[in-house]
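Structure file model_36.cif; described as mmCIF, C-alpha atoms and all ligand atoms.
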```
data_start
#
loop_
_atom_site.label_atom_id
_atom_site.label_comp_id
_atom_site.auth_asym_id
_atom_site.auth_seq_id
_atom_site.Cartn_x
_atom_site.Cartn_y
_atom_site.Cartn_z
CA MET A 1 0.00 0.00 0.00
CA LYS A 2 2.77 2.37 1.00
CA TYR A 3 4.62 1.43 -2.18
CA ALA A 4 1.48 2.13 -4.33
CA LYS A 5 1.03 5.56 -2.73
CA PHE A 6 4.67 6.38 -3.41
CA LEU A 7 4.27 5.30 -7.05
CA CYS A 8 1.16 7.48 -7.51
CA LEU A 9 2.92 10.50 -6.05
CA THR A 10 5.95 10.00 -8.29
CA LEU A 11 3.73 9.67 -11.37
CA LEU A 12 1.85 12.80 -10.37
CA LEU A 13 5.10 14.73 -10.01
CA ILE A 14 6.36 13.52 -13.39
CA PHE A 15 3.04 14.52 -14.98
CA ALA A 16 3.13 17.98 -13.39
CA ALA A 17 6.73 18.49 -14.48
CA ALA A 18 5.83 17.48 -18.03
CA LEU A 19 2.93 19.91 -18.06
CA SER A 20 4.99 22.83 -16.82
CA GLY A 21 7.64 21.91 -19.40
CA CYS A 22 4.99 22.21 -22.14
CA GLY A 23 4.04 25.61 -20.79
CA ASN A 24 7.61 26.83 -21.04
CA THR A 25 7.98 25.71 -24.64
CA GLU A 26 4.76 27.49 -25.59
CA GLU A 27 5.89 30.68 -23.89
CA LYS A 28 8.90 30.81 -26.19
CA VAL A 29 6.71 31.17 -29.30
CA LYS A 30 6.25 34.91 -29.84
CA THR A 31 3.13 36.22 -31.52
CA VAL A 32 3.00 39.12 -33.94
CA ALA A 33 -0.36 40.68 -34.82
CA VAL A 34 -0.46 42.27 -38.26
CA CYS A 35 -3.31 44.59 -39.31
CA PHE A 36 -3.24 45.73 -42.94
CA PRO A 37 -5.74 47.32 -45.34
CA ASN A 38 -7.01 45.22 -48.23
CA THR A 39 -7.48 48.23 -50.44
CA THR A 40 -4.78 47.53 -53.04
CA SER A 41 -3.01 44.41 -54.26
CA SER A 42 0.30 45.71 -52.92
CA TRP A 43 -0.97 45.24 -49.35
CA GLN A 44 -1.71 41.57 -50.00
CA ARG A 45 1.83 41.12 -51.36
CA ASN A 46 3.28 42.87 -48.28
CA GLY A 47 1.15 40.74 -45.97
CA ASP A 48 2.14 37.47 -47.64
CA SER A 49 5.81 38.40 -47.56
CA LEU A 50 5.75 39.52 -43.90
CA LYS A 51 3.89 36.39 -42.76
CA LYS A 52 6.28 34.10 -44.61
CA LEU A 53 9.42 35.73 -43.20
CA LEU A 54 8.05 35.85 -39.65
CA GLU A 55 7.03 32.19 -39.76
CA GLU A 56 10.47 31.25 -41.03
CA ASP A 57 11.75 32.90 -37.86
CA ASN A 58 9.32 30.84 -35.74
CA PHE A 59 6.92 33.65 -34.91
CA LYS A 60 3.21 32.95 -34.70
CA VAL A 61 1.50 35.42 -37.04
CA ASP A 62 -2.04 36.66 -36.59
CA ILE A 63 -2.72 38.64 -39.78
CA GLN A 64 -5.91 40.52 -40.57
CA PHE A 65 -6.94 42.67 -43.53
CA SER A 66 -9.65 45.31 -43.47
CA ALA A 67 -11.58 47.46 -45.91
CA THR A 68 -12.68 50.32 -43.66
CA VAL A 69 -11.28 52.40 -40.81
CA GLU A 70 -13.93 51.07 -38.40
CA GLU A 71 -13.17 47.46 -39.30
CA GLN A 72 -9.45 48.07 -38.83
CA GLN A 73 -9.97 49.79 -35.47
CA SER A 74 -11.89 46.78 -34.19
CA GLN A 75 -9.27 44.38 -35.58
CA VAL A 76 -6.52 46.28 -33.76
CA LYS A 77 -8.62 46.26 -30.57
CA ASP A 78 -9.10 42.48 -30.84
CA ALA A 79 -5.41 42.02 -31.51
CA ILE A 80 -4.45 44.00 -28.39
CA ALA A 81 -6.88 41.93 -26.30
CA LYS A 82 -4.93 38.79 -27.25
CA ASN A 83 -1.68 40.24 -25.80
CA PRO A 84 0.65 39.74 -28.76
CA ASP A 85 4.36 40.42 -28.38
CA CYS A 86 4.23 43.09 -31.09
CA ILE A 87 1.63 44.74 -33.35
CA VAL A 88 2.37 45.85 -36.90
CA ILE A 89 -0.12 48.26 -38.45
CA GLY A 90 -0.53 49.51 -42.02
CA ALA A 91 -3.10 52.15 -41.17
CA ILE A 92 -6.04 52.92 -43.44
CA ASP A 93 -6.30 56.24 -41.64
CA SER A 94 -3.03 57.45 -40.12
CA ALA A 95 -4.81 59.39 -37.35
CA ALA A 96 -7.50 56.88 -36.38
CA PHE A 97 -5.61 54.88 -33.74
CA VAL A 98 -5.01 57.41 -30.99
CA ASP A 99 -7.62 55.94 -28.62
CA VAL A 100 -7.39 52.33 -29.75
CA LEU A 101 -3.65 52.18 -29.07
CA GLN A 102 -3.87 53.43 -25.50
CA ASP A 103 -4.45 49.86 -24.35
CA ALA A 104 -1.40 48.63 -26.25
CA GLN A 105 0.66 51.21 -24.44
CA LYS A 106 -0.81 50.24 -21.04
CA LYS A 107 0.11 46.65 -21.76
CA ASN A 108 3.58 47.59 -23.04
CA ILE A 109 2.94 46.03 -26.42
CA PRO A 110 5.31 47.55 -28.98
CA VAL A 111 3.61 48.96 -32.09
CA ILE A 112 5.32 49.29 -35.46
CA GLY A 113 3.92 51.44 -38.27
CA PHE A 114 4.31 49.62 -41.59
CA ASP A 115 4.60 51.71 -44.76
CA ARG A 116 2.25 54.32 -43.27
CA ILE A 117 2.95 56.24 -40.09
CA LEU A 118 0.48 56.48 -37.17
CA LEU A 119 -0.22 60.11 -36.30
CA ASP A 120 -0.93 61.86 -32.98
CA THR A 121 -0.01 58.90 -30.78
CA ASP A 122 3.08 58.10 -28.77
CA ALA A 123 2.08 54.42 -28.70
CA ILE A 124 4.00 53.90 -31.96
CA SER A 125 7.51 52.64 -31.21
CA TYR A 126 9.04 52.52 -34.69
CA TYR A 127 8.20 53.06 -38.35
CA ALA A 128 9.32 50.82 -41.22
CA SER A 129 8.72 52.26 -44.67
CA PHE A 130 10.15 53.32 -47.98
CA ASP A 131 11.57 56.82 -48.23
CA ASN A 132 8.32 58.64 -49.00
CA GLY A 133 10.04 61.97 -49.60
CA ALA A 134 12.33 60.32 -52.14
CA ILE A 135 9.29 58.78 -53.86
CA GLY A 136 7.70 62.22 -54.34
CA ASP A 137 11.04 63.64 -55.51
CA GLY A 138 11.53 60.71 -57.86
CA MET A 139 8.17 61.27 -59.55
CA GLY A 140 8.90 64.98 -60.06
CA GLU A 141 12.46 64.44 -61.26
CA TYR A 142 11.44 61.72 -63.71
CA ILE A 143 8.78 63.96 -65.29
CA GLU A 144 11.20 66.91 -65.33
CA ALA A 145 13.79 64.85 -67.20
CA ALA A 146 11.35 63.05 -69.52
CA LEU A 147 10.01 66.41 -70.75
CA ASN A 148 13.43 68.08 -70.77
CA LEU A 149 12.00 70.84 -68.58
CA LYS A 150 15.43 71.92 -67.35
CA GLY A 151 16.40 72.40 -70.99
CA GLY A 152 13.35 74.58 -71.66
CA GLY A 153 10.96 71.85 -72.97
CA GLY A 154 7.25 72.57 -73.27
CA PRO A 155 4.65 73.85 -73.02
CA TYR A 156 3.04 70.56 -71.96
CA ASN A 157 -0.43 70.01 -70.54
CA ILE A 158 -0.42 68.22 -67.17
CA GLU A 159 -3.04 67.02 -64.67
CA PHE A 160 -2.44 65.81 -61.13
CA PHE A 161 -3.83 63.00 -58.98
CA ALA A 162 -2.88 62.28 -55.36
CA GLY A 163 -3.61 59.44 -52.91
CA GLY A 164 -6.16 59.33 -50.09
CA PRO A 165 -6.35 62.29 -47.69
CA SER A 166 -6.30 60.08 -44.57
CA ASP A 167 -2.88 58.68 -45.48
CA LYS A 168 0.08 60.88 -44.56
CA ASN A 169 2.15 59.34 -47.39
CA ALA A 170 -0.19 60.76 -50.01
CA HIS A 171 0.52 64.30 -48.75
CA ILE A 172 4.28 63.75 -48.67
CA PHE A 173 4.31 62.38 -52.23
CA LEU A 174 2.41 65.34 -53.71
CA THR A 175 4.26 68.01 -51.69
CA ASN A 176 7.64 66.71 -52.82
CA THR A 177 6.63 66.29 -56.47
CA MET A 178 5.09 69.77 -56.54
CA LYS A 179 8.28 71.34 -55.18
CA ILE A 180 9.97 70.16 -58.36
CA LEU A 181 7.18 70.86 -60.87
CA GLU A 182 5.72 74.11 -59.51
CA PRO A 183 8.36 76.42 -61.07
CA TYR A 184 7.44 75.03 -64.50
CA LEU A 185 3.73 75.68 -63.85
CA ARG A 186 4.62 79.23 -62.92
CA ASN A 187 6.74 79.90 -66.02
CA GLY A 188 4.30 78.20 -68.40
CA GLN A 189 6.40 75.17 -69.43
CA LEU A 190 3.68 73.11 -67.76
CA VAL A 191 0.03 74.03 -68.12
CA CYS A 192 -2.74 72.62 -65.96
CA ARG A 193 -5.88 73.43 -67.95
CA SER A 194 -8.23 72.41 -65.13
CA GLY A 195 -6.36 74.60 -62.67
CA GLN A 196 -6.70 71.78 -60.12
CA THR A 197 -3.37 71.59 -58.34
CA THR A 198 -4.08 71.55 -54.59
CA PHE A 199 -4.12 68.31 -52.60
CA GLU A 200 -7.84 68.68 -51.84
CA GLN A 201 -8.65 69.10 -55.53
CA VAL A 202 -6.64 66.15 -56.79
CA ALA A 203 -6.85 63.55 -53.97
CA VAL A 204 -8.43 60.16 -54.71
CA ALA A 205 -10.54 59.19 -51.69
CA ASP A 206 -9.18 56.10 -49.90
CA TRP A 207 -6.67 55.53 -52.72
CA ASN A 208 -9.56 53.67 -54.35
CA SER A 209 -8.83 53.67 -58.08
CA ALA A 210 -12.57 53.53 -58.85
CA ASN A 211 -12.80 57.01 -57.34
CA ALA A 212 -10.28 58.32 -59.91
CA ARG A 213 -12.37 57.26 -62.91
CA PRO A 214 -15.07 59.98 -62.88
CA ARG A 215 -12.46 62.68 -62.41
CA ILE A 216 -10.24 61.65 -65.34
CA GLN A 217 -13.36 61.24 -67.51
CA GLU A 218 -14.44 64.75 -66.61
CA LEU A 219 -10.97 66.22 -67.16
CA LEU A 220 -10.68 64.63 -70.61
CA ASN A 221 -14.18 65.74 -71.65
CA LYS A 222 -14.07 69.22 -70.27
CA TYR A 223 -10.51 70.37 -70.86
CA TYR A 224 -8.95 68.09 -73.48
CA SER A 225 -11.59 67.54 -76.16
CA ASP A 226 -9.54 69.76 -78.48
CA ALA A 227 -6.12 69.51 -76.80
CA THR A 228 -3.63 66.82 -75.82
CA LEU A 229 -3.16 65.93 -72.19
CA ASN A 230 0.58 65.21 -72.30
CA VAL A 231 1.36 64.32 -68.69
CA VAL A 232 -0.50 62.81 -65.74
CA LEU A 233 0.88 62.53 -62.23
CA SER A 234 -0.60 59.31 -60.86
CA PRO A 235 0.14 58.50 -57.19
CA ASN A 236 0.24 54.71 -57.70
CA ASP A 237 -0.09 51.90 -60.21
CA ASP A 238 -3.72 51.03 -59.47
CA ILE A 239 -4.78 54.58 -60.24
CA ALA A 240 -2.50 54.78 -63.32
CA GLY A 241 -4.29 51.67 -64.65
CA VAL A 242 -7.69 53.34 -64.43
CA ILE A 243 -6.44 56.62 -65.92
CA LEU A 244 -4.91 54.78 -68.88
CA GLU A 245 -8.14 52.85 -69.47
CA GLU A 246 -9.95 56.17 -69.79
CA PHE A 247 -7.33 57.49 -72.24
CA GLU A 248 -7.94 54.36 -74.33
CA ARG A 249 -11.71 54.72 -74.12
CA ALA A 250 -11.45 58.36 -75.25
CA GLY A 251 -9.11 57.37 -78.10
CA LYS A 252 -6.38 59.66 -76.77
CA PRO A 253 -2.61 59.07 -77.11
CA TYR A 254 -1.01 57.76 -73.90
CA PRO A 255 0.46 60.50 -71.69
CA VAL A 256 3.72 60.48 -69.79
CA ILE A 257 2.38 58.93 -66.58
CA SER A 258 3.84 57.96 -63.22
CA GLY A 259 2.98 55.08 -60.90
CA LEU A 260 4.02 53.60 -57.58
CA ASP A 261 4.45 50.15 -56.08
CA GLY A 262 5.79 48.04 -58.96
CA ASP A 263 2.59 46.06 -59.47
CA PRO A 264 2.87 43.18 -61.98
CA ALA A 265 0.13 44.91 -64.04
CA ALA A 266 2.21 48.10 -64.16
CA PHE A 267 5.29 46.19 -65.32
CA GLU A 268 3.13 44.78 -68.11
CA ARG A 269 1.84 48.23 -69.08
CA ILE A 270 5.42 49.57 -69.13
CA ARG A 271 6.45 46.72 -71.46
CA GLU A 272 3.47 47.53 -73.69
CA GLY A 273 4.45 51.22 -73.83
CA LYS A 274 1.31 52.38 -71.98
CA GLN A 275 2.67 53.41 -68.57
CA THR A 276 5.88 55.47 -68.55
CA PHE A 277 7.32 54.44 -65.20
CA THR A 278 6.60 53.17 -61.72
CA ILE A 279 8.49 53.51 -58.46
CA ALA A 280 8.81 49.97 -57.19
CA LYS A 281 8.57 49.20 -53.48
CA ASP A 282 9.86 45.64 -53.29
CA PRO A 283 7.75 44.00 -50.55
CA ASP A 284 10.58 41.63 -49.60
CA VAL A 285 12.95 44.55 -48.95
CA LEU A 286 10.54 46.30 -46.57
CA THR A 287 9.32 43.16 -44.82
CA ALA A 288 12.90 41.93 -44.23
CA LYS A 289 13.67 45.24 -42.49
CA CYS A 290 10.42 45.10 -40.57
CA VAL A 291 11.13 41.57 -39.34
CA ARG A 292 14.52 42.71 -38.00
CA MET A 293 12.72 45.56 -36.24
CA ILE A 294 10.14 43.18 -34.74
CA LYS A 295 12.86 40.83 -33.49
CA ALA A 296 14.68 43.70 -31.82
CA VAL A 297 11.63 45.10 -30.03
CA VAL A 298 10.51 41.65 -28.91
CA GLU A 299 13.99 40.97 -27.52
CA GLY A 300 14.10 44.44 -25.96
CA THR A 301 17.08 45.60 -28.03
CA GLN A 302 17.57 48.63 -30.31
CA PRO A 303 16.43 48.04 -33.88
CA ASP A 304 18.36 49.23 -36.91
CA ILE A 305 17.06 52.71 -37.82
CA ASN A 306 18.28 55.25 -40.39
CA ASP A 307 15.98 58.24 -39.81
CA VAL A 308 15.42 60.14 -36.58
CA THR A 309 14.32 63.49 -37.96
CA ASN A 310 11.70 63.26 -40.70
CA TYR A 311 8.70 61.56 -39.14
CA ASP A 312 7.24 63.88 -36.55
CA ASN A 313 3.80 62.36 -35.97
CA GLY A 314 2.48 65.34 -34.02
CA VAL A 315 3.41 63.87 -30.65
CA LYS A 316 6.94 62.62 -31.15
CA ILE A 317 9.58 62.01 -33.77
CA VAL A 318 9.16 58.38 -34.68
CA PRO A 319 12.45 56.56 -35.27
CA ALA A 320 12.26 54.98 -38.69
CA TYR A 321 13.96 52.69 -41.13
CA LEU A 322 13.36 53.96 -44.65
CA CYS A 323 14.10 51.61 -47.55
CA THR A 324 15.18 52.82 -50.97
CA PRO A 325 12.59 52.56 -53.74
CA MET A 326 13.55 51.86 -57.35
CA ILE A 327 12.46 53.59 -60.56
CA ILE A 328 11.33 51.17 -63.24
CA ASP A 329 10.70 52.18 -66.83
CA ARG A 330 11.08 50.57 -70.25
CA THR A 331 14.89 50.64 -69.94
CA ASN A 332 15.05 48.26 -66.98
CA VAL A 333 11.63 46.58 -66.71
CA ASN A 334 12.78 43.37 -68.36
CA SER A 335 15.67 42.86 -66.00
CA LEU A 336 13.33 42.52 -63.00
CA ALA A 337 10.75 40.02 -61.95
CA ALA A 338 7.54 41.62 -60.64
CA LYS A 339 6.51 40.67 -57.09
C1 LIG A 401 1.49 53.49 -50.09
C2 LIG A 401 1.45 53.18 -51.56
C3 LIG A 401 0.13 52.48 -51.89
C4 LIG A 401 -1.02 53.27 -51.35
C5 LIG A 401 -2.34 52.56 -51.54
C6 LIG A 401 0.30 54.27 -49.70
O1 LIG A 401 0.34 54.56 -48.34
O2 LIG A 401 2.66 54.21 -49.77
O3 LIG A 401 2.53 52.37 -51.89
O4 LIG A 401 -0.02 52.34 -53.28
O5 LIG A 401 -0.88 53.53 -49.99
O6 LIG A 401 -2.41 51.39 -50.81
#
```

Using structure tokens, write down the structure from this file.
Amino acid sequence: MKYAKFLCLTLLLIFAAALSGCGNTEEKVKTVAVCFPNTTSSWQRNGDSLKKLLEEDNFKVDIQFSATVEEQQSQVKDAIAKNPDCIVIGAIDSAAFVDVLQDAQKKNIPVIGFDRILLDTDAISYYASFDNGAIGDGMGEYIEAALNLKGGGGPYNIEFFAGGPSDKNAHIFLTNTMKILEPYLRNGQLVCRSGQTTFEQVAVADWNSANARPRIQELLNKYYSDATLNVVLSPNDDIAGVILEEFERAGKPYPVISGLDGDPAAFERIREGKQTFTIAKDPDVLTAKCVRMIKAVVEGTQPDINDVTNYDNGVKIVPAYLCTPMIIDRTNVNSLAAK
């Protein structure tokens, strides 16, 4: 009897030890919550790439996509409730997470802004993106060179489109491009027949390319029925695709037109001579940097950053790593595989 009791106790102890062992192993698996928009195909590519790299590094990834600000706010709330080790957000609306992220801060959950910064909150720890200023500059400089504006080229007719007002990037892109092109509008080398040049006039709500269609239709009908629209500033590839469809429908010659992201469809249009150029943001380049950032914050060490001045979010200067985008046009499109 004594012997049986001893055996039971030993078995119980072994069982308890095994259980606590399991617990320890589980604790070692770190979870990353990722909340992205599903508004353009580039977000899906970024999400796939980030998930793959994180899983290769043994992270558990809880990824969610959303179509509206409200949906994304509730996804972020749910994510915080599950106590992840880090949250990565590609915000639909840069300023919509001030309240939602207070809980993350209370719980000491690090938050990383992905591609888009989070405004007016000090809950954001770091920002991983492409150099948005350089993207805006790149669009302006490409157009300036393509039209030989420095050499006195023109006059050329130009119309402008910008991204969604609730995304800080869209403002940076247009501001930087305009700095380069404005002098030529002033001296008449560039002519904007519609006169629509402010951000409010040219923004495409939510970056939704469908919202760009009525405006380009109206511009072509109203201002270019008897004139050529030579140049269009398009803030990304999705929107360039819609603008070019409307040029085709109206039987107009293709303009010099910009794009952004490096979408496979844009690479195809560049090969076909429809789209002039795109600024490619290789998802693997950004996600690799972001994963290094995540690892550092989870381990409590300093991540690799290369910008501590440019991203003042209204509350603090957010330390950032900015990747270098790449201009793709007909001269180099065939040397790259689209992602
Ligand atoms: C990104 C662009 C993207 C756009 C629409 C912007 O914040 O910087 O690369 O095309 O959002 O998703």

**Prompt:** Can you list, as an NGL selection string, every protein, DNA or RNA residue that comes within 10 Å of region 213-220 of chain A when you count only C-alpha atoms, leaving out same-chain residues fewer than 5 positions away?
**Reply:** :A and (159-161 or 193-194 or 196 or 202 or 204 or 208 or 225-229 or 232 or 239 or 241-247 or 249-250 or 252)

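Using all atoms listed in the file for every distance, the candidate list A:Ala296, A:Met178, A:Ala288, A:Cys192 yields A:Ala288 as the residue closest to Leu53 (chain A).
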
What are the nearest atom pairs, with distances in Å to one decimal, for all residues of chain A that come at most 10 Å from ligand LIG 401 (chain A), using all atoms listed in the file, set out by chain and rising residue number as JSON lines?
```
{"residue": "A:Phe36", "atom": "CA", "partner": "A:LIG401", "partner_atom": "O6", "distance": 9.7}
{"residue": "A:Pro37", "atom": "CA", "partner": "A:LIG401", "partner_atom": "O6", "distance": 7.6}
{"residue": "A:Asn38", "atom": "CA", "partner": "A:LIG401", "partner_atom": "O6", "distance": 8.1}
{"residue": "A:Thr39", "atom": "CA", "partner": "A:LIG401", "partner_atom": "O6", "distance": 6.0}
{"residue": "A:Thr40", "atom": "CA", "partner": "A:LIG401", "partner_atom": "O6", "distance": 5.0}
{"residue": "A:Ser41", "atom": "CA", "partner": "A:LIG401", "partner_atom": "O6", "distance": 7.8}
{"residue": "A:Ser42", "atom": "CA", "partner": "A:LIG401", "partner_atom": "O6", "distance": 6.6}
{"residue": "A:Trp43", "atom": "CA", "partner": "A:LIG401", "partner_atom": "O6", "distance": 6.5}
{"residue": "A:Gln44", "atom": "CA", "partner": "A:LIG401", "partner_atom": "O6", "distance": 9.9}
{"residue": "A:Gly90", "atom": "CA", "partner": "A:LIG401", "partner_atom": "O1", "distance": 8.1}
{"residue": "A:Ala91", "atom": "CA", "partner": "A:LIG401", "partner_atom": "O1", "distance": 8.3}
{"residue": "A:Ile92", "atom": "CA", "partner": "A:LIG401", "partner_atom": "O1", "distance": 8.2}
{"residue": "A:Asp93", "atom": "CA", "partner": "A:LIG401", "partner_atom": "O1", "distance": 9.6}
{"residue": "A:Ser94", "atom": "CA", "partner": "A:LIG401", "partner_atom": "O1", "distance": 9.3}
{"residue": "A:Phe114", "atom": "CA", "partner": "A:LIG401", "partner_atom": "O1", "distance": 9.3}
{"residue": "A:Asp115", "atom": "CA", "partner": "A:LIG401", "partner_atom": "O2", "distance": 5.9}
{"residue": "A:Arg116", "atom": "CA", "partner": "A:LIG401", "partner_atom": "O1", "distance": 5.4}
{"residue": "A:Ile117", "atom": "CA", "partner": "A:LIG401", "partner_atom": "O1", "distance": 8.8}
{"residue": "A:Ser129", "atom": "CA", "partner": "A:LIG401", "partner_atom": "O2", "distance": 8.2}
{"residue": "A:Phe130", "atom": "CA", "partner": "A:LIG401", "partner_atom": "O2", "distance": 7.8}
{"residue": "A:Asp131", "atom": "CA", "partner": "A:LIG401", "partner_atom": "O2", "distance": 9.4}
{"residue": "A:Asn132", "atom": "CA", "partner": "A:LIG401", "partner_atom": "O2", "distance": 7.2}
{"residue": "A:Ile135", "atom": "CA", "partner": "A:LIG401", "partner_atom": "O2", "distance": 9.0}
{"residue": "A:Gly163", "atom": "CA", "partner": "A:LIG401", "partner_atom": "C4", "distance": 6.9}
{"residue": "A:Gly164", "atom": "CA", "partner": "A:LIG401", "partner_atom": "O5", "distance": 7.8}
{"residue": "A:Ser166", "atom": "CA", "partner": "A:LIG401", "partner_atom": "O1", "distance": 9.4}
{"residue": "A:Asp167", "atom": "CA", "partner": "A:LIG401", "partner_atom": "O1", "distance": 6.0}
{"residue": "A:Lys168", "atom": "CA", "partner": "A:LIG401", "partner_atom": "O1", "distance": 7.4}
{"residue": "A:Asn169", "atom": "CA", "partner": "A:LIG401", "partner_atom": "O1", "distance": 5.2}
{"residue": "A:Ala170", "atom": "CA", "partner": "A:LIG401", "partner_atom": "O1", "distance": 6.4}
{"residue": "A:His171", "atom": "CA", "partner": "A:LIG401", "partner_atom": "O1", "distance": 9.8}
{"residue": "A:Ile172", "atom": "CA", "partner": "A:LIG401", "partner_atom": "O2", "distance": 9.7}
{"residue": "A:Phe173", "atom": "CA", "partner": "A:LIG401", "partner_atom": "O2", "distance": 8.7}
{"residue": "A:Asp206", "atom": "CA", "partner": "A:LIG401", "partner_atom": "C5", "distance": 7.9}
{"residue": "A:Trp207", "atom": "CA", "partner": "A:LIG401", "partner_atom": "C5", "distance": 5.4}
{"residue": "A:Asn208", "atom": "CA", "partner": "A:LIG401", "partner_atom": "C5", "distance": 7.8}
{"residue": "A:Ser209", "atom": "CA", "partner": "A:LIG401", "partner_atom": "C5", "distance": 9.3}
{"residue": "A:Pro235", "atom": "CA", "partner": "A:LIG401", "partner_atom": "O4", "distance": 7.3}
{"residue": "A:Asn236", "atom": "CA", "partner": "A:LIG401", "partner_atom": "O4", "distance": 5.0}
{"residue": "A:Asp237", "atom": "CA", "partner": "A:LIG401", "partner_atom": "O4", "distance": 6.9}
{"residue": "A:Asp238", "atom": "CA", "partner": "A:LIG401", "partner_atom": "O4", "distance": 7.3}
{"residue": "A:Ile239", "atom": "CA", "partner": "A:LIG401", "partner_atom": "O4", "distance": 8.7}
{"residue": "A:Gly259", "atom": "CA", "partner": "A:LIG401", "partner_atom": "O4", "distance": 8.6}
{"residue": "A:Leu260", "atom": "CA", "partner": "A:LIG401", "partner_atom": "O3", "distance": 6.0}
{"residue": "A:Asp261", "atom": "CA", "partner": "A:LIG401", "partner_atom": "O3", "distance": 5.1}
{"residue": "A:Gly262", "atom": "CA", "partner": "A:LIG401", "partner_atom": "O3", "distance": 8.9}
{"residue": "A:Asp263", "atom": "CA", "partner": "A:LIG401", "partner_atom": "O4", "distance": 9.2}
{"residue": "A:Ile279", "atom": "CA", "partner": "A:LIG401", "partner_atom": "O3", "distance": 8.9}
{"residue": "A:Ala280", "atom": "CA", "partner": "A:LIG401", "partner_atom": "O3", "distance": 8.6}
{"residue": "A:Lys281", "atom": "CA", "partner": "A:LIG401", "partner_atom": "O3", "distance": 7.0}
{"residue": "A:Pro283", "atom": "CA", "partner": "A:LIG401", "partner_atom": "O3", "distance": 10.0}
```

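Here CA of Val315 (chain A) stands at a distance of 12.0 Å from CA of Ser125 (chain A).
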
**Message:** Using Å and a single decimal, report how far CA of Asp120 (chain A) sits from CA of Lys30 (chain A).
**Reply:** 28.1 Å

**Asked** So how far away is CA of Ile270 (chain A) from CA of Val333 (chain A), in Å?
**Response** 7.3 Å

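Comparing A:Leu54, A:Val69, A:Ala123, A:Cys86 by their smallest distance to Glu299 (chain A), the closest is A:Cys86 (using all atoms listed in the file).
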
**Fill in**
Asn83 (chain A) proximity check over A:Leu101, A:Lys107, A:Tyr223, A:Ala162, using only C-alpha atoms: winner is A:Lys107

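Nearest to Val76 (chain A) of all the residues A:Phe199, A:Phe97, A:Phe59, A:Tyr142 is A:Phe97, counting all atoms listed in the file.
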
Taking all listed atoms of region 298-311 of chain A, build the axis-aligned box, pad each of the six sides by 4 Å, then write its centre and edge lengths in Å to one decimal as lines of an AutoDock Vina configuration file.
```
center_x = 13.5
center_y = 52.2
center_z = -33.3
size_x = 17.7
size_y = 30.5
size_z = 22.7
```

**Given all atoms listed in the file as the counted atoms, nearest of A:Pro253, A:Gly314, A:Gly273, A:Gly113 to Asp329 (chain A)** =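 Distance minimum relative to Asp329 (chain A) lands on A:Gly273.
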
**Item:** Residue nearest Ser234 (chain A) among A:Gly195, A:Gly140, A:Asn313, A:Glu182 (counting only C-alpha atoms)
**Value:** A:Gly140

**Message:** Residues within 10 Å of (0.0, 34.3, -34.2), file coordinates, counting only C-alpha atoms: what are they? Give the list as a PyMOL selection string.
**Reply:** chain A and resi 29-34+51+54-55+59-63+79+82+84-85

**Request:** Do a neighbour search on Val256 (chain A) at 7 Å with all atoms listed in the file, toss out local chain neighbours closer than 5 positions, and write the hits as a ChimeraX atom specification.
**Result:** /A:230-232,276

The selected residues should be written to file as a tab-separated table (two decimals), keeping the file's coordinate frame (atoms: C-alpha atoms).
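Output file result15.tsv follows:
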```
chain	number	residue	atom	x	y	z
A	230	ASN	CA	0.58	65.21	-72.30
A	231	VAL	CA	1.36	64.32	-68.69
A	232	VAL	CA	-0.50	62.81	-65.74
A	276	THR	CA	5.88	55.47	-68.55
```
